[in-house]
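Source file: data_26.csv; contents: CSV, C-alpha atoms.
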chain,number,residue,atom,x,y,z
O,1,MET,CA,0.0,0.0,0.0
O,2,THR,CA,1.2,3.5,-0.7
O,3,GLY,CA,-0.8,5.4,1.9
O,4,ALA,CA,-3.3,6.6,-0.7
O,5,ARG,CA,-6.9,6.8,0.4
O,6,LEU,CA,-10.3,7.7,-1.0
O,7,THR,CA,-12.7,9.4,1.3
O,8,VAL,CA,-16.5,9.7,0.7
O,9,GLU,CA,-17.9,13.1,1.6
O,10,GLY,CA,-21.4,14.6,2.0
O,11,GLU,CA,-24.6,12.7,1.5
O,12,THR,CA,-24.2,8.9,1.5
O,13,ARG,CA,-27.8,7.8,2.1
O,14,LEU,CA,-28.3,6.6,-1.5
O,15,LEU,CA,-24.7,5.5,-2.0
O,16,THR,CA,-23.7,1.8,-1.7
O,17,VAL,CA,-20.9,-0.5,-2.5
O,18,GLN,CA,-21.8,-3.2,-5.0
O,19,ASP,CA,-20.1,-6.1,-6.8
O,20,ARG,CA,-21.8,-8.5,-9.2
O,21,GLY,CA,-24.1,-9.9,-6.5
O,22,ARG,CA,-24.2,-12.3,-3.5
O,23,GLN,CA,-24.4,-15.6,-5.3
O,24,GLY,CA,-25.8,-18.8,-3.7
O,25,ALA,CA,-27.4,-17.2,-0.6
O,26,MET,CA,-31.0,-16.7,-1.8
O,27,ARG,CA,-31.8,-20.3,-0.6
O,28,TYR,CA,-31.1,-19.0,2.9
O,29,GLY,CA,-33.3,-16.0,2.5
O,30,VAL,CA,-30.6,-13.5,1.6
O,31,SER,CA,-31.1,-11.2,-1.4
O,32,ALA,CA,-28.4,-11.2,-4.1
O,33,SER,CA,-28.2,-7.4,-4.4
O,34,GLY,CA,-25.6,-6.2,-6.9
O,35,PRO,CA,-25.7,-3.3,-9.4
O,36,MET,CA,-28.9,-1.9,-10.7
O,37,ASP,CA,-27.2,-1.4,-14.1
O,38,TRP,CA,-24.8,-4.3,-14.7
O,39,VAL,CA,-23.5,-2.8,-18.0
O,40,ARG,CA,-22.4,0.6,-16.6
O,41,PHE,CA,-21.1,-1.1,-13.5
O,42,SER,CA,-18.9,-3.4,-15.7
O,43,HIS,CA,-17.8,-0.4,-17.8
O,44,ALA,CA,-16.7,1.6,-14.8
O,45,LEU,CA,-14.6,-1.3,-13.5
O,46,SER,CA,-13.0,-1.8,-16.9
O,47,LEU,CA,-12.1,1.9,-17.2
O,48,ALA,CA,-10.6,2.0,-13.7
O,49,GLY,CA,-8.4,-1.0,-14.6
O,50,GLY,CA,-6.7,-3.2,-12.0
O,51,GLY,CA,-9.1,-6.1,-12.1
O,52,GLY,CA,-11.5,-4.7,-9.4
O,53,VAL,CA,-14.7,-6.5,-8.5
O,54,ALA,CA,-16.7,-3.8,-6.6
O,55,ALA,CA,-17.6,-0.2,-7.1
O,56,PHE,CA,-19.6,2.6,-5.6
O,57,GLU,CA,-23.1,2.9,-6.9
O,58,LEU,CA,-24.8,6.3,-6.5
O,59,SER,CA,-28.2,7.6,-7.5
O,60,LEU,CA,-29.9,11.0,-7.8
O,61,ALA,CA,-28.3,12.3,-4.6
O,62,GLY,CA,-24.9,12.1,-6.4
O,63,GLY,CA,-21.6,11.6,-4.6
O,64,THR,CA,-18.4,13.4,-3.6
O,65,PHE,CA,-15.0,11.6,-3.3
O,66,ARG,CA,-11.7,13.1,-2.1
O,67,ALA,CA,-8.3,11.6,-3.0
O,68,GLU,CA,-5.4,11.5,-0.5
O,69,GLY,CA,-2.5,10.7,-2.8
O,70,ARG,CA,-3.0,9.8,-6.4
O,71,VAL,CA,-6.1,7.7,-7.2
O,72,VAL,CA,-7.3,6.4,-10.6
O,73,VAL,CA,-11.1,6.2,-11.1
O,74,GLY,CA,-13.5,5.0,-13.7
O,75,VAL,CA,-16.9,6.6,-13.8
O,76,ALA,CA,-20.0,5.5,-15.8
O,77,GLY,CA,-23.6,6.5,-15.7
O,78,PRO,CA,-25.9,7.8,-18.5
O,79,GLY,CA,-26.8,11.5,-18.2
O,80,PHE,CA,-24.6,12.1,-15.1
O,81,LEU,CA,-22.0,14.9,-14.9
O,82,ALA,CA,-18.7,15.0,-13.1
O,83,ARG,CA,-16.4,17.7,-11.9
O,84,ILE,CA,-12.8,17.2,-10.8
O,85,GLY,CA,-11.1,19.6,-8.4
O,86,GLU,CA,-10.6,23.0,-9.9
O,87,ARG,CA,-10.4,21.7,-13.5
O,88,PRO,CA,-12.7,23.7,-15.8
O,89,GLY,CA,-15.9,22.4,-17.1
O,90,ALA,CA,-17.9,19.2,-16.4
O,91,PHE,CA,-17.0,15.8,-17.7
O,92,ASP,CA,-19.5,13.4,-19.2
O,93,PRO,CA,-19.2,9.8,-18.0
O,94,PRO,CA,-18.0,7.3,-19.0
O,95,PHE,CA,-14.4,8.3,-18.4
O,96,ARG,CA,-11.1,7.4,-16.6
O,97,ALA,CA,-9.2,10.0,-14.6
O,98,THR,CA,-6.4,10.3,-12.2
O,99,LEU,CA,-7.3,12.3,-9.1
O,100,GLU,CA,-4.3,14.2,-7.7
O,101,ASP,CA,-3.7,14.5,-3.9
O,102,GLY,CA,-6.5,16.6,-2.4
O,103,GLU,CA,-8.7,16.7,-5.5
O,104,ARG,CA,-12.4,16.0,-5.2
O,105,LEU,CA,-14.5,14.1,-7.7
O,106,VAL,CA,-18.1,15.3,-7.7
O,107,VAL,CA,-20.7,13.2,-9.6
O,108,GLN,CA,-24.2,14.6,-10.0
O,109,PRO,CA,-27.3,13.6,-11.9
O,110,GLY,CA,-28.1,15.4,-15.2
O,111,ARG,CA,-31.2,15.4,-17.3
O,112,GLN,CA,-31.5,11.6,-17.4
O,113,GLY,CA,-30.4,8.4,-15.7
O,114,MET,CA,-30.9,7.0,-12.2
O,115,TRP,CA,-27.7,5.2,-11.4
O,116,ALA,CA,-24.0,5.9,-11.8
O,117,TYR,CA,-20.8,4.0,-10.8
O,118,VAL,CA,-17.4,5.1,-9.5
O,119,ALA,CA,-14.8,2.3,-9.6
O,120,VAL,CA,-11.4,2.9,-8.0
O,121,ASN,CA,-8.2,1.1,-9.1
O,122,GLY,CA,-6.7,-0.8,-6.2
O,123,ILE,CA,-9.3,0.1,-3.6
O,124,ASP,CA,-9.7,-2.1,-0.5
O,125,PHE,CA,-13.3,-2.4,0.7
O,126,GLY,CA,-12.4,-4.6,3.6
O,127,ARG,CA,-13.8,-8.1,4.2
O,128,PRO,CA,-16.7,-9.4,2.2
O,129,VAL,CA,-20.0,-10.4,3.9
O,130,LEU,CA,-21.2,-13.8,3.0
O,131,GLY,CA,-18.7,-13.9,0.2
O,132,SER,CA,-19.7,-10.6,-1.4
O,133,PHE,CA,-19.2,-6.8,-1.2
O,134,ALA,CA,-22.7,-6.2,-2.4
O,135,THR,CA,-24.9,-4.0,-0.1
O,136,ASN,CA,-28.6,-4.5,0.4
O,137,ALA,CA,-29.9,-0.9,0.8
O,138,ARG,CA,-33.1,-2.0,2.7
O,139,THR,CA,-31.5,-4.3,5.3
O,140,GLY,CA,-28.0,-2.8,5.4
O,141,LEU,CA,-26.4,-6.2,4.9
O,142,GLY,CA,-22.9,-5.7,3.6
O,143,ALA,CA,-23.0,-1.9,4.2
O,144,ARG,CA,-19.7,-0.1,4.6
O,145,ASP,CA,-18.7,2.6,7.0
O,146,PHE,CA,-17.8,5.6,4.8
O,147,LEU,CA,-16.5,7.8,7.5
O,148,GLY,CA,-12.9,6.6,7.6
O,149,GLY,CA,-12.4,6.3,3.9
O,150,PHE,CA,-10.8,3.4,2.1
O,151,PRO,CA,-7.1,2.5,1.5
O,152,VAL,CA,-6.0,2.4,-2.2
O,153,ALA,CA,-3.1,0.4,-3.5
O,154,GLU,CA,-0.5,1.8,-5.9
O,155,ALA,CA,-2.0,2.1,-9.4
O,156,ALA,CA,-0.6,2.7,-12.8
O,157,ALA,CA,-1.7,6.3,-12.7
O,158,ALA,CA,-2.0,8.3,-15.9
O,159,GLU,CA,0.4,11.2,-16.7
O,160,ARG,CA,0.2,14.0,-14.2
O,161,ASP,CA,-2.4,16.6,-15.1
O,162,ALA,CA,-3.5,14.5,-18.1
O,163,PRO,CA,-7.2,15.2,-18.9
O,164,PRO,CA,-9.7,12.5,-18.3
O,165,TYR,CA,-10.0,9.8,-21.0
O,166,GLU,CA,-13.6,10.2,-22.1
O,167,ALA,CA,-14.9,6.9,-23.5
O,168,LEU,CA,-18.0,6.1,-25.6
O,169,ASP,CA,-21.0,4.9,-23.7
O,170,ILE,CA,-22.1,1.3,-24.2
O,171,SER,CA,-24.9,1.0,-26.7
O,172,LEU,CA,-27.9,-0.7,-25.1
O,173,PRO,CA,-31.1,-2.2,-26.6
O,174,THR,CA,-33.7,0.5,-26.7
O,175,SER,CA,-37.5,0.5,-26.4
O,176,PRO,CA,-39.5,-1.6,-26.5
O,177,ILE,CA,-38.0,-3.5,-23.6
O,178,GLY,CA,-37.7,-7.3,-24.2
O,179,LEU,CA,-39.8,-9.7,-22.2
O,180,LEU,CA,-39.5,-13.4,-21.6
O,181,PRO,CA,-42.4,-15.5,-20.2
O,182,GLY,CA,-42.5,-15.6,-16.4
O,183,PRO,CA,-43.1,-18.7,-14.3
O,184,GLN,CA,-46.8,-17.9,-14.0
O,185,HIS,CA,-47.2,-16.8,-17.6
O,186,HIS,CA,-49.9,-19.4,-18.1
O,187,LEU,CA,-52.1,-17.7,-15.5
O,188,PHE,CA,-52.7,-14.7,-17.8
O,189,GLU,CA,-55.0,-15.0,-20.8
O,190,GLN,CA,-53.4,-14.4,-24.2
O,191,ALA,CA,-55.4,-11.1,-24.6
O,192,VAL,CA,-53.8,-9.9,-21.3
O,193,ARG,CA,-50.3,-10.8,-22.5
O,194,ASP,CA,-50.9,-9.0,-25.8
O,195,ALA,CA,-52.2,-5.9,-23.9
O,196,PHE,CA,-49.0,-5.8,-21.9
O,197,ALA,CA,-47.0,-5.5,-25.0
O,198,ALA,CA,-49.5,-3.2,-26.9
O,199,THR,CA,-49.9,-0.4,-24.4
O,200,PRO,CA,-47.4,1.9,-22.7
O,201,TYR,CA,-46.8,1.9,-18.9
O,202,ARG,CA,-45.7,4.8,-16.8
O,203,LEU,CA,-43.0,4.4,-14.2
O,204,THR,CA,-44.4,5.7,-10.9
O,205,ASP,CA,-42.5,7.5,-8.2
O,206,GLN,CA,-42.4,4.2,-6.1
O,207,VAL,CA,-39.0,3.1,-7.2
O,208,ASP,CA,-36.0,1.8,-5.3
O,209,ARG,CA,-33.3,-0.9,-5.5
O,210,MET,CA,-36.0,-3.5,-4.5
O,211,GLY,CA,-38.5,-2.8,-7.3
O,212,TYR,CA,-40.1,-0.4,-9.8
O,213,ARG,CA,-43.9,0.0,-9.8
O,214,LEU,CA,-45.6,0.6,-13.2
O,215,GLU,CA,-49.0,2.1,-13.9
O,216,GLY,CA,-51.1,1.3,-17.0
O,217,THR,CA,-53.6,-1.2,-18.3
O,218,PRO,CA,-54.4,-3.6,-15.4
O,219,LEU,CA,-53.1,-7.2,-16.0
O,220,LYS,CA,-55.8,-9.6,-14.7
O,221,ALA,CA,-54.6,-13.0,-13.6
O,222,LYS,CA,-56.9,-16.1,-13.6
O,223,THR,CA,-55.9,-16.6,-9.9
O,224,HIS,CA,-53.5,-15.2,-7.4
O,225,ASP,CA,-53.5,-18.4,-5.3
O,226,ILE,CA,-50.0,-19.6,-6.0
O,227,ILE,CA,-47.3,-21.1,-3.9
O,228,SER,CA,-44.5,-18.7,-3.2
O,229,ASP,CA,-41.4,-19.4,-5.3
O,230,GLY,CA,-38.0,-17.9,-6.1
O,231,ILE,CA,-37.7,-14.5,-7.8
O,232,VAL,CA,-35.0,-13.7,-10.4
O,233,GLU,CA,-33.9,-10.2,-11.2
O,234,GLY,CA,-36.2,-8.5,-13.7
O,235,ALA,CA,-39.2,-10.7,-12.8
O,236,ILE,CA,-42.5,-8.8,-13.2
O,237,GLN,CA,-45.1,-9.7,-10.6
O,238,VAL,CA,-48.7,-8.7,-10.7
O,239,PRO,CA,-50.5,-8.0,-7.4
O,240,GLY,CA,-54.3,-7.9,-7.0
O,241,ASN,CA,-54.7,-4.4,-8.4
O,242,GLY,CA,-53.2,-5.6,-11.8
O,243,GLN,CA,-50.4,-3.0,-11.8
O,244,PRO,CA,-47.1,-4.7,-12.5
O,245,ILE,CA,-44.0,-4.4,-10.3
O,246,VAL,CA,-40.5,-5.0,-11.8
O,247,LEU,CA,-38.3,-6.7,-9.2
O,248,CYS,CA,-34.7,-5.4,-9.1
O,249,ALA,CA,-31.4,-6.1,-7.3
O,250,ASP,CA,-32.6,-6.0,-3.7
O,251,ARG,CA,-35.7,-8.1,-4.4
O,252,ALA,CA,-36.9,-10.6,-1.8
O,253,PRO,CA,-35.7,-14.2,-2.4
O,254,THR,CA,-39.3,-15.4,-2.8
O,255,GLY,CA,-42.7,-14.0,-3.6
O,256,GLY,CA,-46.3,-15.0,-3.8
O,257,TYR,CA,-47.7,-12.9,-6.6
O,258,PRO,CA,-48.0,-14.4,-10.1
O,259,LYS,CA,-45.1,-13.3,-12.4
O,260,ILE,CA,-46.2,-12.7,-15.9
O,261,ALA,CA,-42.8,-12.0,-17.4
O,262,VAL,CA,-39.1,-11.5,-16.8
O,263,VAL,CA,-37.2,-8.6,-18.4
O,264,ALA,CA,-34.3,-9.8,-20.6
O,265,SER,CA,-31.1,-9.0,-18.8
O,266,ALA,CA,-29.7,-7.0,-21.7
O,267,ASP,CA,-32.8,-4.8,-21.6
O,268,LEU,CA,-33.0,-4.4,-17.8
O,269,PRO,CA,-30.5,-1.4,-17.7
O,270,HIS,CA,-32.8,0.5,-20.1
O,271,LEU,CA,-35.6,0.1,-17.6
O,272,THR,CA,-33.7,0.7,-14.3
O,273,GLN,CA,-32.1,3.9,-15.7
O,274,ALA,CA,-35.6,5.4,-16.4
O,275,ARG,CA,-36.8,8.0,-14.1
O,276,PRO,CA,-40.3,8.3,-12.5
O,277,GLY,CA,-42.8,9.5,-15.0
O,278,ALA,CA,-41.1,7.9,-18.0
O,279,GLU,CA,-43.2,6.0,-20.5
O,280,LEU,CA,-42.1,2.4,-21.0
O,281,ARG,CA,-43.1,0.0,-23.8
O,282,PHE,CA,-42.5,-3.8,-23.8
O,283,ALA,CA,-42.3,-6.5,-26.4
O,284,TRP,CA,-42.2,-10.3,-26.1
O,285,ILE,CA,-39.0,-11.8,-27.5
O,286,SER,CA,-37.6,-15.3,-27.9
O,287,LEU,CA,-35.0,-16.8,-25.5
O,288,LYS,CA,-32.7,-17.0,-28.5
O,289,GLU,CA,-33.0,-13.2,-29.1
O,290,ALA,CA,-32.5,-12.4,-25.4
O,291,ALA,CA,-29.3,-14.5,-25.3
O,292,ARG,CA,-28.1,-12.8,-28.5
O,293,ARG,CA,-28.5,-9.4,-27.0
O,294,ARG,CA,-26.7,-10.4,-23.8
O,295,ARG,CA,-23.8,-11.9,-25.7
O,296,ALA,CA,-23.5,-8.8,-27.8
O,297,LEU,CA,-23.2,-6.6,-24.7
O,298,VAL,CA,-20.7,-8.9,-23.0
O,299,GLU,CA,-18.6,-8.9,-26.1
O,300,THR,CA,-18.7,-5.1,-26.3
O,301,LEU,CA,-17.6,-4.8,-22.7
O,302,ARG,CA,-14.6,-7.0,-23.4
O,303,GLN,CA,-13.3,-4.7,-26.0
O,304,PRO,CA,-11.1,-1.7,-25.1
O,305,SER,CA,-13.1,1.5,-24.6
O,306,GLU,CA,-13.0,3.8,-27.6
O,307,PRO,CA,-12.4,7.5,-27.0
O,308,ARG,CA,-15.4,9.8,-27.3
O,309,VAL,CA,-15.0,12.7,-29.8
O,310,ARG,CA,-16.3,15.9,-28.3
O,311,ASP,CA,-18.8,17.7,-30.4
O,312,GLU,CA,-19.7,20.4,-27.9
O,313,PHE,CA,-17.2,22.8,-26.3
O,314,PRO,CA,-18.7,25.0,-23.5
O,315,ALA,CA,-17.0,28.3,-23.0
O,316,GLU,CA,-15.7,27.3,-19.5
O,317,PHE,CA,-14.1,24.2,-21.1
O,318,LEU,CA,-12.3,26.2,-23.8
O,319,ALA,CA,-11.2,28.8,-21.2
O,320,GLY,CA,-9.3,26.1,-19.4
O,321,GLN,CA,-7.4,24.8,-22.4
O,322,ASN,CA,-4.1,26.0,-23.7
O,323,LEU,CA,-5.3,26.9,-27.2
O,324,VAL,CA,-2.3,29.1,-28.1
O,325,GLY,CA,1.1,27.6,-28.2
O,326,GLY,CA,2.8,30.9,-28.4
O,327,VAL,CA,2.6,34.5,-29.6
O,328,VAL,CA,4.4,35.7,-32.8
O,329,SER,CA,4.8,39.4,-33.6
O,330,ALA,CA,3.9,40.0,-37.3
O,331,THR,CA,5.7,43.3,-37.2
O,332,ALA,CA,8.9,41.7,-35.9
O,333,ASN,CA,8.8,38.9,-38.4
O,334,ALA,CA,8.3,41.4,-41.2
O,335,THR,CA,11.5,43.3,-40.1
O,336,LEU,CA,13.5,40.1,-39.9
O,337,THR,CA,12.4,39.2,-43.4
O,338,ASP,CA,13.4,42.6,-44.7
O,339,ARG,CA,16.9,41.9,-43.3
O,340,GLY,CA,17.1,38.5,-44.9
O,341,GLU,CA,16.9,36.7,-41.5
O,342,LYS,CA,14.6,33.7,-40.8
O,343,PRO,CA,11.5,34.6,-38.7
O,344,ALA,CA,10.9,32.7,-35.5
O,345,GLN,CA,8.8,29.5,-35.9
Written form, structure tokens:
Amino acid sequence: MTGARLTVEGETRLLTVQDRGRQGAMRYGVSASGPMDWVRFSHALSLAGGGGVAAFELSLAGGTFRAEGRVVVGVAGPGFLARIGERPGAFDPPFRATLEDGERLVVQPGRQGMWAYVAVNGIDFGRPVLGSFATNARTGLGARDFLGGFPVAEAAAAERDAPPYEALDISLPTSPIGLLPGPQHHLFEQAVRDAFAATPYRLTDQVDRMGYRLEGTPLKAKTHDIISDGIVEGAIQVPGNGQPIVLCADRAPTGGYPKIAVVASADLPHLTQARPGAELRFAWISLKEAARRRRALVETLRQPSEPRVRDEFPAEFLAGQNLVGGVVSATANATLTDRGEKPAQ
């Protein structure tokens, strides 16, 4: 260890540490947890480098991180904005940056997106809980004490004062959101299944890491009298009022409402990154198509991140750049030329 640390400052109520999820514990009644957007989580880890397995997940409250020593971070999250120390302008995730000693990284929500990720090269989150660093926001299982900060191992830091490496975002499947049949798919008439895919649903303000409530055409089941069974991430259960609920990372291990569908894993980030009030549309797809979409995303994540070409240059960004390499006097050069001397280059 080099003595470097990363300290979390300010509001931490909606900030957690997540890895890919607590595997194998749901049979004991323990939720898997893990990231709400597995794609941006994976991209942040890749950008940070160092083979990390866990990252900070933040939501609309944003997050502030202060470096003690030099720290390399990878940041991803659609629509979020980031500022680094006194550097001019805001940076659009995804990007990789080296925080110098004392610099603060501030990540805030923009016009869209619900979840962002900050991965840190060489960070030590301490001991895992039940084999995982994932945090269940409702129960507090796996929660970390942010007050003391976290030690960071020596990392292959970028050149001093180098600007952040801004990468292209990962291209996700867009609307309509792909659905696979749920375990109680047969308890819904064909007309009900068709209506689910034919009409839009609005995302209500009842959203958290456990689930997202939708509002739209009621989905009537033949019966709600089922035996509670296991719940996978993305399962869509339908309570008595007919309004579907999409179950997310902190879902309960079992549930007793019929589940009409499961959101394809490649399409789930498109849903979880939607904000309350958004209109969502769904479409039934085949298992083969769902697998193809997932494989395409995994393959994309394995490729080196491509740099993003800036097409907007705010005034404050330009003001902080060295756009002039030097000043040449036209009058002086003219005089030199008259004397037969070579002007300065």
Next on the checklist: I'd like to know which of O:Phe56, O:Trp115, O:Phe146, O:Phe125 is closest to Thr272 of chain O, using only C-alpha atoms.
Outcome noted: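 Between O:Phe56, O:Trp115, O:Phe146, O:Phe125, the residue approaching Thr272 of chain O most closely is O:Trp115.
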Item to check | Neighbour list for Asp205 of chain O as a list in words, cut-off 8 Å, only C-alpha atoms, skip fewer than 5 positions in-chain | outcome: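 The contact residues come out as Arg213, Pro276 and Gly277 of chain O.
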Item to check | Which of O:Pro93, O:Gly110, O:Glu100, O:Leu147 sits closest to Gly10 of chain O [using only C-alpha atoms] | outcome: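 Once distances to Gly10 of chain O are computed over only C-alpha atoms, the minimum belongs to O:Leu147.
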Checklist entry - Pick from O:Val152, O:Ala143, O:Ala167, O:Leu280: nearest to Val75 of chain O, with all atoms listed in the file counted? => result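 Among the listed residues, the smallest separation from Val75 of chain O belongs to O:Ala167.
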Checklist outcome for this item: From the list O:Thr12, O:Gln273, O:Gln184, O:Ser305, the nearest residue to Tyr257 of chain O using all atoms listed in the file is O:Gln184
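Closest approach to Gly21 of chain O among O:Gly113, O:Pro128, O:Gly242, O:Gly51: O:Pro128, based on only C-alpha atoms.
Using only C-alpha atoms, the contacts of Phe95 of chain O at a cut-off of 9 Å, with sequence neighbours closer than 2 positions omitted, comprise Ala44, Leu47, Ala48, Val73, Gly74, Val75, Ala76, Phe91, Asp92, Pro93, Ala97, Pro164, Tyr165, Glu166, Ala167, Leu168 and Pro307 of chain O.
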